[in-house]
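K.L.:
Quick one, coords22.pdb (PDB, C-alpha atoms):
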ATOM      1  CA  MET A 132      82.868 -88.294  21.529
ATOM      2  CA  SER A 133      82.956 -86.761  25.003
ATOM      3  CA  ASN A 134      80.227 -86.899  27.636
ATOM      4  CA  GLN A 135      81.570 -83.646  29.053
ATOM      5  CA  PRO A 136      78.939 -80.884  28.788
ATOM      6  CA  VAL A 137      79.802 -77.850  26.690
ATOM      7  CA  LEU A 138      79.590 -74.394  28.203
ATOM      8  CA  PRO A 139      77.609 -71.759  26.324
ATOM      9  CA  GLU A 140      79.121 -68.345  25.567
ATOM     10  CA  LEU A 141      79.408 -66.381  28.811
ATOM     11  CA  PRO A 142      80.604 -62.833  28.006
ATOM     12  CA  GLY A 143      82.035 -61.144  31.083
ATOM     13  CA  PHE A 144      82.604 -64.437  32.885
ATOM     14  CA  ASN A 145      85.918 -66.226  33.393
ATOM     15  CA  PRO A 146      84.930 -69.892  33.258
ATOM     16  CA  GLU A 147      88.543 -71.069  33.365
ATOM     17  CA  GLY A 148      89.137 -69.505  36.760
ATOM     18  CA  ALA A 149      85.821 -70.704  38.152
ATOM     19  CA  LEU A 150      86.362 -74.218  36.831
ATOM     20  CA  LYS A 151      89.712 -74.396  38.628
ATOM     21  CA  LEU A 152      87.828 -73.864  41.886
ATOM     22  CA  LEU A 153      85.429 -76.666  40.924
ATOM     23  CA  ASN A 154      87.965 -79.287  39.775
ATOM     24  CA  ASN A 155      87.109 -78.556  36.125
ATOM     25  CA  ASN A 156      83.645 -80.022  36.634
ATOM     26  CA  ILE A 157      81.575 -78.317  33.915
ATOM     27  CA  LYS A 158      78.325 -79.900  35.094
ATOM     28  CA  LEU A 159      78.874 -78.565  38.621
ATOM     29  CA  TYR A 160      79.838 -75.132  37.255
ATOM     30  CA  THR A 161      76.674 -75.060  35.147
ATOM     31  CA  ASN A 162      74.611 -75.885  38.238
ATOM     32  CA  VAL A 163      76.389 -73.175  40.250
ATOM     33  CA  LEU A 164      75.678 -70.629  37.507
ATOM     34  CA  LYS A 165      71.999 -71.589  37.395
ATOM     35  CA  ARG A 166      71.670 -71.372  41.190
ATOM     36  CA  PHE A 167      73.387 -67.975  41.155
ATOM     37  CA  MET A 168      70.988 -66.804  38.445
ATOM     38  CA  GLY A 169      67.963 -68.068  40.370
ATOM     39  CA  GLN A 170      69.102 -66.535  43.636
ATOM     40  CA  TYR A 171      69.917 -63.108  42.258
ATOM     41  CA  ALA A 172      67.194 -62.909  39.622
ATOM     42  CA  GLY A 173      64.746 -63.413  42.490
ATOM     43  CA  SER A 174      66.393 -60.902  44.788
ATOM     44  CA  TYR A 175      67.557 -58.321  42.241
ATOM     45  CA  GLU A 176      64.594 -56.014  42.926
ATOM     46  CA  LYS A 177      65.137 -56.220  46.692
ATOM     47  CA  LEU A 178      68.853 -55.531  46.373
ATOM     48  CA  SER A 179      68.156 -52.718  43.928
ATOM     49  CA  ALA A 180      65.663 -51.128  46.340
ATOM     50  CA  GLN A 181      68.097 -51.475  49.251
ATOM     51  CA  LEU A 182      70.910 -49.894  47.273
ATOM     52  CA  ALA A 183      68.667 -47.082  46.025
ATOM     53  CA  ALA A 184      67.576 -46.315  49.577
ATOM     54  CA  ILE A 185      71.043 -46.194  51.090
ATOM     55  CA  PRO A 186      70.394 -44.839  54.544
ATOM     56  CA  ALA A 187      71.373 -41.312  55.366
ATOM     57  CA  ASP A 188      72.912 -42.815  58.505
ATOM     58  CA  PRO A 189      75.876 -44.836  57.219
ATOM     59  CA  GLU A 190      75.786 -47.026  60.324
ATOM     60  CA  GLN A 191      72.600 -48.615  58.959
ATOM     61  CA  LEU A 192      74.535 -50.172  56.088
ATOM     62  CA  GLY A 193      75.222 -53.396  58.039
ATOM     63  CA  GLU A 194      72.622 -55.702  56.481
ATOM     64  CA  LEU A 195      73.239 -54.369  52.990
ATOM     65  CA  GLN A 196      76.994 -54.731  53.450
ATOM     66  CA  ARG A 197      76.529 -58.398  54.445
ATOM     67  CA  GLU A 198      74.449 -59.075  51.335
ATOM     68  CA  VAL A 199      77.009 -57.378  49.099
ATOM     69  CA  HIS A 200      79.821 -59.264  50.841
ATOM     70  CA  THR A 201      78.029 -62.531  49.994
ATOM     71  CA  LEU A 202      77.566 -61.376  46.411
ATOM     72  CA  LYS A 203      81.289 -60.562  46.262
ATOM     73  CA  GLY A 204      82.189 -64.129  47.211
ATOM     74  CA  LEU A 205      79.644 -65.733  44.919
ATOM     75  CA  SER A 206      80.651 -63.590  41.953
ATOM     76  CA  GLY A 207      84.180 -64.901  42.442
ATOM     77  CA  THR A 208      82.893 -68.465  42.555
ATOM     78  CA  VAL A 209      80.933 -68.054  39.312
ATOM     79  CA  GLY A 210      83.886 -66.282  37.713
ATOM     80  CA  HIS A 211      82.584 -62.782  37.026
ATOM     81  CA  PRO A 212      85.531 -60.464  37.784
ATOM     82  CA  ALA A 213      83.800 -57.151  37.004
ATOM     83  CA  LEU A 214      80.894 -57.978  39.330
ATOM     84  CA  GLN A 215      83.295 -59.168  41.996
ATOM     85  CA  GLU A 216      85.282 -55.927  41.694
ATOM     86  CA  ALA A 217      82.135 -53.776  41.954
ATOM     87  CA  ALA A 218      80.996 -55.737  45.007
ATOM     88  CA  THR A 219      84.473 -55.475  46.528
ATOM     89  CA  ARG A 220      84.482 -51.686  46.151
ATOM     90  CA  PHE A 221      81.017 -51.334  47.724
ATOM     91  CA  ASP A 222      81.909 -53.783  50.498
ATOM     92  CA  ALA A 223      85.079 -51.846  51.341
ATOM     93  CA  ALA A 224      83.210 -48.532  51.395
ATOM     94  CA  ALA A 225      80.479 -49.972  53.623
ATOM     95  CA  LYS A 226      83.112 -51.118  56.124
ATOM     96  CA  ASP A 227      84.228 -47.491  56.542
ATOM     97  CA  PRO A 228      80.980 -45.590  55.924
ATOM     98  CA  THR A 229      82.006 -42.291  57.458
ATOM     99  CA  ALA A 230      84.754 -41.923  54.844
ATOM    100  CA  HIS A 231      82.227 -41.868  51.977
ATOM    101  CA  SER A 232      79.409 -39.551  50.991
ATOM    102  CA  ARG A 233      75.908 -40.668  50.101
ATOM    103  CA  GLU A 234      76.742 -39.767  46.484
ATOM    104  CA  GLU A 235      79.806 -42.017  46.533
ATOM    105  CA  PHE A 236      77.680 -44.881  47.861
ATOM    106  CA  ALA A 237      75.100 -44.204  45.147
ATOM    107  CA  ALA A 238      77.779 -44.362  42.432
ATOM    108  CA  LEU A 239      79.150 -47.614  43.854
ATOM    109  CA  ALA A 240      75.618 -49.028  44.068
ATOM    110  CA  ASP A 241      74.876 -48.050  40.462
ATOM    111  CA  GLU A 242      77.993 -49.829  39.221
ATOM    112  CA  LEU A 243      77.227 -52.905  41.312
ATOM    113  CA  LEU A 244      73.685 -53.120  39.948
ATOM    114  CA  ARG A 245      74.888 -52.549  36.392
ATOM    115  CA  GLN A 246      77.353 -55.428  36.671
ATOM    116  CA  LEU A 247      74.796 -57.703  38.333
ATOM    117  CA  ASP A 248      72.216 -56.898  35.669
ATOM    118  CA  GLN A 249      74.707 -57.674  32.895
ATOM    119  CA  ALA A 250      75.697 -60.958  34.537
ATOM    120  CA  LEU A 251      72.055 -62.000  34.931
ATOM    121  CA  ASP A 252      71.298 -61.096  31.305
ATOM    122  CA  VAL A 253      74.171 -63.297  30.096
ATOM    123  CA  LEU A 254      72.999 -66.195  32.249
ATOM    124  CA  LYS A 255      69.371 -65.856  31.136
ATOM    125  CA  LYS A 256      70.502 -66.060  27.510
ATOM    126  CA  ALA A 257      72.857 -68.965  28.219
ATOM    127  CA  PHE A 258      70.316 -70.948  30.245
ATOM    128  CA  PRO A 259      66.834 -69.954  29.069
ATOM    129  CA  GLU A 260      65.350 -73.168  30.455
ATOM    130  CA  ALA A 261      66.518 -72.436  34.011
TER     131      ALA A 261
END
Using the file provided, produce a representation of the structure as structure tokens.
P.N.:
Amino acid sequence: MSNQPVLPELPGFNPEGALKLLNNNIKLYTNVLKRFMGQYAGSYEKLSAQLAAIPADPEQLGELQREVHTLKGLSGTVGHPALQEAATRFDAAAKDPTAHSREEFAALADELLRQLDQALDVLKKAFPEA
């Protein structure tokens, strides 16, 4: 009998890749997932409002771009490739804002929020006690 914790089902996540980054430490990975869930469940509304109110002046995207850049890195750490890809696309667009219309930013923001919402739903089901 193993003392190693068992991971719950995590649709959309790639635990194998994330565990490689964490020396296959399932307990640490579980803690990282719970912290990610707590951080983004608490700030989802703020991020959603920021993305919905993308400034007409693309130069004002700086703070939002930094938050999405952080999300991009963390989504890689927790092993959610679709969320990481959505964050990567928004991050890249925000680095060159004059090359993208407000509508393009809105579409990128919608996809980012959809992926984040799905990831949070999976984690809430996997860790209801957190």
K.L.:
Provide the CA of Asn162 in chain A to CA of Gly148 in chain A distance in Å, to one decimal place.
P.N.:
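Separating CA of Asn162 in chain A from CA of Gly148 in chain A is a distance of 15.9 Å.
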K.L.:
May I have the protein, DNA and RNA residues with any atom at most 7 Å from the point (81.5, -79.9, 30.1), counting all atoms listed in the file, written as a list in words?
P.N.:
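The requested residues, written out, are Gln135, Pro136, Val137, Leu138, Asn156, Ile157 and Lys158 of chain A.
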K.L.:
Between A:Leu153, A:Ala225, A:Pro146, A:Leu164, which residue has the minimum interatomic distance to Ala257 in chain A, considering only C-alpha atoms?
P.N.:
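Among A:Leu153, A:Ala225, A:Pro146, A:Leu164, it is A:Leu164 that comes nearest to Ala257 in chain A.
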K.L.:
May I ask for the distance between CA of Ala237 in chain A and CA of Leu141 in chain A, given in Å to one decimal place?
P.N.:
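Value for the CA of Ala237 in chain A-CA of Leu141 in chain A distance: 27.9 Å.
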K.L.:
Mind listing as a ChimeraX atom specification all residues within 12 Å of (75.7, -72.0, 41.1), counting all atoms listed in the file?
P.N.:
/A:149-150,153,157-171,204-210,254,261
K.L.:
Can you spit out the residues from that selection as an mmCIF file, in the frame of the given file, using C-alpha atoms?
P.N.:
data_model
loop_
_atom_site.group_PDB
_atom_site.id
_atom_site.type_symbol
_atom_site.label_atom_id
_atom_site.label_comp_id
_atom_site.auth_asym_id
_atom_site.auth_seq_id
_atom_site.Cartn_x
_atom_site.Cartn_y
_atom_site.Cartn_z
ATOM 1 C CA ALA A 149 85.821 -70.704 38.152
ATOM 2 C CA LEU A 150 86.362 -74.218 36.831
ATOM 3 C CA LEU A 153 85.429 -76.666 40.924
ATOM 4 C CA ILE A 157 81.575 -78.317 33.915
ATOM 5 C CA LYS A 158 78.325 -79.900 35.094
ATOM 6 C CA LEU A 159 78.874 -78.565 38.621
ATOM 7 C CA TYR A 160 79.838 -75.132 37.255
ATOM 8 C CA THR A 161 76.674 -75.060 35.147
ATOM 9 C CA ASN A 162 74.611 -75.885 38.238
ATOM 10 C CA VAL A 163 76.389 -73.175 40.250
ATOM 11 C CA LEU A 164 75.678 -70.629 37.507
ATOM 12 C CA LYS A 165 71.999 -71.589 37.395
ATOM 13 C CA ARG A 166 71.670 -71.372 41.190
ATOM 14 C CA PHE A 167 73.387 -67.975 41.155
ATOM 15 C CA MET A 168 70.988 -66.804 38.445
ATOM 16 C CA GLY A 169 67.963 -68.068 40.370
ATOM 17 C CA GLN A 170 69.102 -66.535 43.636
ATOM 18 C CA TYR A 171 69.917 -63.108 42.258
ATOM 19 C CA GLY A 204 82.189 -64.129 47.211
ATOM 20 C CA LEU A 205 79.644 -65.733 44.919
ATOM 21 C CA SER A 206 80.651 -63.590 41.953
ATOM 22 C CA GLY A 207 84.180 -64.901 42.442
ATOM 23 C CA THR A 208 82.893 -68.465 42.555
ATOM 24 C CA VAL A 209 80.933 -68.054 39.312
ATOM 25 C CA GLY A 210 83.886 -66.282 37.713
ATOM 26 C CA LEU A 254 72.999 -66.195 32.249
ATOM 27 C CA ALA A 261 66.518 -72.436 34.011
#
K.L.:
Given the file above and the PyMOL selection byres ((chain A and resi 235) around 12), which residues are selected, and can you give them as a VMD selection string?
P.N.:
chain A and resid 182 185 189 220 to 221 224 to 225 228 to 234 236 to 242
K.L.:
Restricted to C-alpha atoms, what would the selected residues look like written as an mmCIF file, in the coordinates of the input?
P.N.:
data_model
loop_
_atom_site.group_PDB
_atom_site.id
_atom_site.type_symbol
_atom_site.label_atom_id
_atom_site.label_comp_id
_atom_site.auth_asym_id
_atom_site.auth_seq_id
_atom_site.Cartn_x
_atom_site.Cartn_y
_atom_site.Cartn_z
ATOM 1 C CA LEU A 182 70.910 -49.894 47.273
ATOM 2 C CA ILE A 185 71.043 -46.194 51.090
ATOM 3 C CA PRO A 189 75.876 -44.836 57.219
ATOM 4 C CA ARG A 220 84.482 -51.686 46.151
ATOM 5 C CA PHE A 221 81.017 -51.334 47.724
ATOM 6 C CA ALA A 224 83.210 -48.532 51.395
ATOM 7 C CA ALA A 225 80.479 -49.972 53.623
ATOM 8 C CA PRO A 228 80.980 -45.590 55.924
ATOM 9 C CA THR A 229 82.006 -42.291 57.458
ATOM 10 C CA ALA A 230 84.754 -41.923 54.844
ATOM 11 C CA HIS A 231 82.227 -41.868 51.977
ATOM 12 C CA SER A 232 79.409 -39.551 50.991
ATOM 13 C CA ARG A 233 75.908 -40.668 50.101
ATOM 14 C CA GLU A 234 76.742 -39.767 46.484
ATOM 15 C CA PHE A 236 77.680 -44.881 47.861
ATOM 16 C CA ALA A 237 75.100 -44.204 45.147
ATOM 17 C CA ALA A 238 77.779 -44.362 42.432
ATOM 18 C CA LEU A 239 79.150 -47.614 43.854
ATOM 19 C CA ALA A 240 75.618 -49.028 44.068
ATOM 20 C CA ASP A 241 74.876 -48.050 40.462
ATOM 21 C CA GLU A 242 77.993 -49.829 39.221
#
K.L.:
For CA of Lys255 in chain A and CA of Ala184 in chain A, determine how far apart the two atoms are, in Å to one decimal place.
P.N.:
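Answer for the CA of Lys255 in chain A to CA of Ala184 in chain A separation: 26.9 Å.
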K.L.:
Of the residues A:Gln249, A:Asn154, A:Leu202, A:Pro259, which is the one nearest to Ser174 in chain A, using only C-alpha atoms?
P.N.:
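Counting only C-alpha atoms, the residue closest to Ser174 in chain A is A:Leu202.
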K.L.:
Taking 3 positions as the minimum chain separation for residues in the same chain, which residues sit within 9 Å of Leu247 in chain A when counting all atoms listed in the file? Answer as a ChimeraX atom specification.
P.N.:
/A:171,175,214,242-244,250-252
K.L.:
Using all atoms listed in the file, which of A:Gln196, A:Thr201, A:Lys177, A:Ala172 sits nearest Asp222 in chain A?
P.N.:
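Counting all atoms listed in the file, the residue closest to Asp222 in chain A is A:Gln196.
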K.L.:
Could you work out an axis-aligned bounding box for all listed atoms of range 217-229 of chain A, with 6 Å added on each of the six sides, and give its centre and edge lengths in Å to one decimal, as JSON?
P.N.:
{"center_x": 82.8, "center_y": -49.0, "center_z": 49.7, "size_x": 16.6, "size_y": 25.4, "size_z": 27.5}
K.L.:
Quick one: residues within 8 Å of Gly143 in chain A, only C-alpha atoms counted, chain neighbours fewer than 4 positions away excluded, as a PyMOL selection string?
P.N.:
chain A and resi 211-213+250
K.L.:
From the list A:Asn145, A:Asp248, A:Asn134, A:Asn155, which residue is nearest Leu178 in chain A when using only C-alpha atoms?
P.N.:
A:Asp248
K.L.:
Select, from A:Glu147, A:Phe258, A:Ala223, A:Ala180, the residue with the minimum atom-to-atom distance to Val199 in chain A, counting only C-alpha atoms.
P.N.:
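Ranked by minimum distance to Val199 in chain A, first place goes to A:Ala223.
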K.L.:
Restricting the calculation to all atoms listed in the file: of A:Gln246, A:Ser179, A:Lys151, A:Val253, which residue gets closest to Lys203 in chain A?
P.N.:
A:Gln246
K.L.:
Assuming the input is short of atoms at range 221-241 of chain A, produce N, CA and C atoms for that part as a PDB file, in the frame of the given file.
P.N.:
ATOM      1  N   PHE A 221      82.126 -51.722  46.851  1.00  0.00           N
ATOM      2  CA  PHE A 221      81.017 -51.334  47.724  1.00  0.00           C
ATOM      3  C   PHE A 221      81.246 -51.886  49.129  1.00  0.00           C
ATOM      4  N   ASP A 222      81.662 -53.140  49.215  1.00  0.00           N
ATOM      5  CA  ASP A 222      81.909 -53.783  50.498  1.00  0.00           C
ATOM      6  C   ASP A 222      82.948 -53.002  51.304  1.00  0.00           C
ATOM      7  N   ALA A 223      84.025 -52.608  50.659  1.00  0.00           N
ATOM      8  CA  ALA A 223      85.079 -51.846  51.341  1.00  0.00           C
ATOM      9  C   ALA A 223      84.548 -50.495  51.826  1.00  0.00           C
ATOM     10  N   ALA A 224      83.766 -49.833  50.993  1.00  0.00           N
ATOM     11  CA  ALA A 224      83.210 -48.532  51.395  1.00  0.00           C
ATOM     12  C   ALA A 224      82.253 -48.691  52.568  1.00  0.00           C
ATOM     13  N   ALA A 225      81.457 -49.760  52.547  1.00  0.00           N
ATOM     14  CA  ALA A 225      80.479 -49.972  53.623  1.00  0.00           C
ATOM     15  C   ALA A 225      81.165 -50.299  54.949  1.00  0.00           C
ATOM     16  N   LYS A 226      82.373 -50.816  54.890  1.00  0.00           N
ATOM     17  CA  LYS A 226      83.112 -51.118  56.124  1.00  0.00           C
ATOM     18  C   LYS A 226      83.645 -49.847  56.787  1.00  0.00           C
ATOM     19  N   ASP A 227      83.753 -48.776  56.017  1.00  0.00           N
ATOM     20  CA  ASP A 227      84.228 -47.491  56.542  1.00  0.00           C
ATOM     21  C   ASP A 227      83.267 -46.398  56.052  1.00  0.00           C
ATOM     22  N   PRO A 228      82.004 -46.456  56.500  1.00  0.00           N
ATOM     23  CA  PRO A 228      80.980 -45.590  55.924  1.00  0.00           C
ATOM     24  C   PRO A 228      81.196 -44.102  56.140  1.00  0.00           C
ATOM     25  N   THR A 229      81.847 -43.721  57.203  1.00  0.00           N
ATOM     26  CA  THR A 229      82.006 -42.291  57.458  1.00  0.00           C
ATOM     27  C   THR A 229      83.006 -41.647  56.496  1.00  0.00           C
ATOM     28  N   ALA A 230      83.768 -42.454  55.788  1.00  0.00           N
ATOM     29  CA  ALA A 230      84.754 -41.923  54.844  1.00  0.00           C
ATOM     30  C   ALA A 230      84.155 -41.687  53.456  1.00  0.00           C
ATOM     31  N   HIS A 231      82.853 -41.965  53.295  1.00  0.00           N
ATOM     32  CA  HIS A 231      82.227 -41.868  51.977  1.00  0.00           C
ATOM     33  C   HIS A 231      80.911 -41.102  52.059  1.00  0.00           C
ATOM     34  N   SER A 232      80.664 -40.301  51.044  1.00  0.00           N
ATOM     35  CA  SER A 232      79.409 -39.551  50.991  1.00  0.00           C
ATOM     36  C   SER A 232      78.291 -40.436  50.458  1.00  0.00           C
ATOM     37  N   ARG A 233      77.081 -39.968  50.648  1.00  0.00           N
ATOM     38  CA  ARG A 233      75.908 -40.668  50.101  1.00  0.00           C
ATOM     39  C   ARG A 233      76.029 -40.782  48.586  1.00  0.00           C
ATOM     40  N   GLU A 234      76.567 -39.752  47.937  1.00  0.00           N
ATOM     41  CA  GLU A 234      76.742 -39.767  46.484  1.00  0.00           C
ATOM     42  C   GLU A 234      77.757 -40.831  46.055  1.00  0.00           C
ATOM     43  N   GLU A 235      78.820 -40.975  46.841  1.00  0.00           N
ATOM     44  CA  GLU A 235      79.806 -42.017  46.533  1.00  0.00           C
ATOM     45  C   GLU A 235      79.179 -43.402  46.657  1.00  0.00           C
ATOM     46  N   PHE A 236      78.378 -43.602  47.713  1.00  0.00           N
ATOM     47  CA  PHE A 236      77.680 -44.881  47.861  1.00  0.00           C
ATOM     48  C   PHE A 236      76.722 -45.114  46.691  1.00  0.00           C
ATOM     49  N   ALA A 237      76.034 -44.072  46.264  1.00  0.00           N
ATOM     50  CA  ALA A 237      75.100 -44.204  45.147  1.00  0.00           C
ATOM     51  C   ALA A 237      75.832 -44.608  43.871  1.00  0.00           C
ATOM     52  N   ALA A 238      76.995 -44.017  43.624  1.00  0.00           N
ATOM     53  CA  ALA A 238      77.779 -44.362  42.432  1.00  0.00           C
ATOM     54  C   ALA A 238      78.267 -45.810  42.506  1.00  0.00           C
ATOM     55  N   LEU A 239      78.715 -46.226  43.679  1.00  0.00           N
ATOM     56  CA  LEU A 239      79.150 -47.614  43.854  1.00  0.00           C
ATOM     57  C   LEU A 239      77.976 -48.573  43.677  1.00  0.00           C
ATOM     58  N   ALA A 240      76.820 -48.199  44.194  1.00  0.00           N
ATOM     59  CA  ALA A 240      75.618 -49.028  44.068  1.00  0.00           C
ATOM     60  C   ALA A 240      75.194 -49.135  42.609  1.00  0.00           C
ATOM     61  N   ASP A 241      75.237 -48.029  41.881  1.00  0.00           N
ATOM     62  CA  ASP A 241      74.876 -48.050  40.462  1.00  0.00           C
ATOM     63  C   ASP A 241      75.770 -49.009  39.679  1.00  0.00           C
TER      64      ASP A 241
END
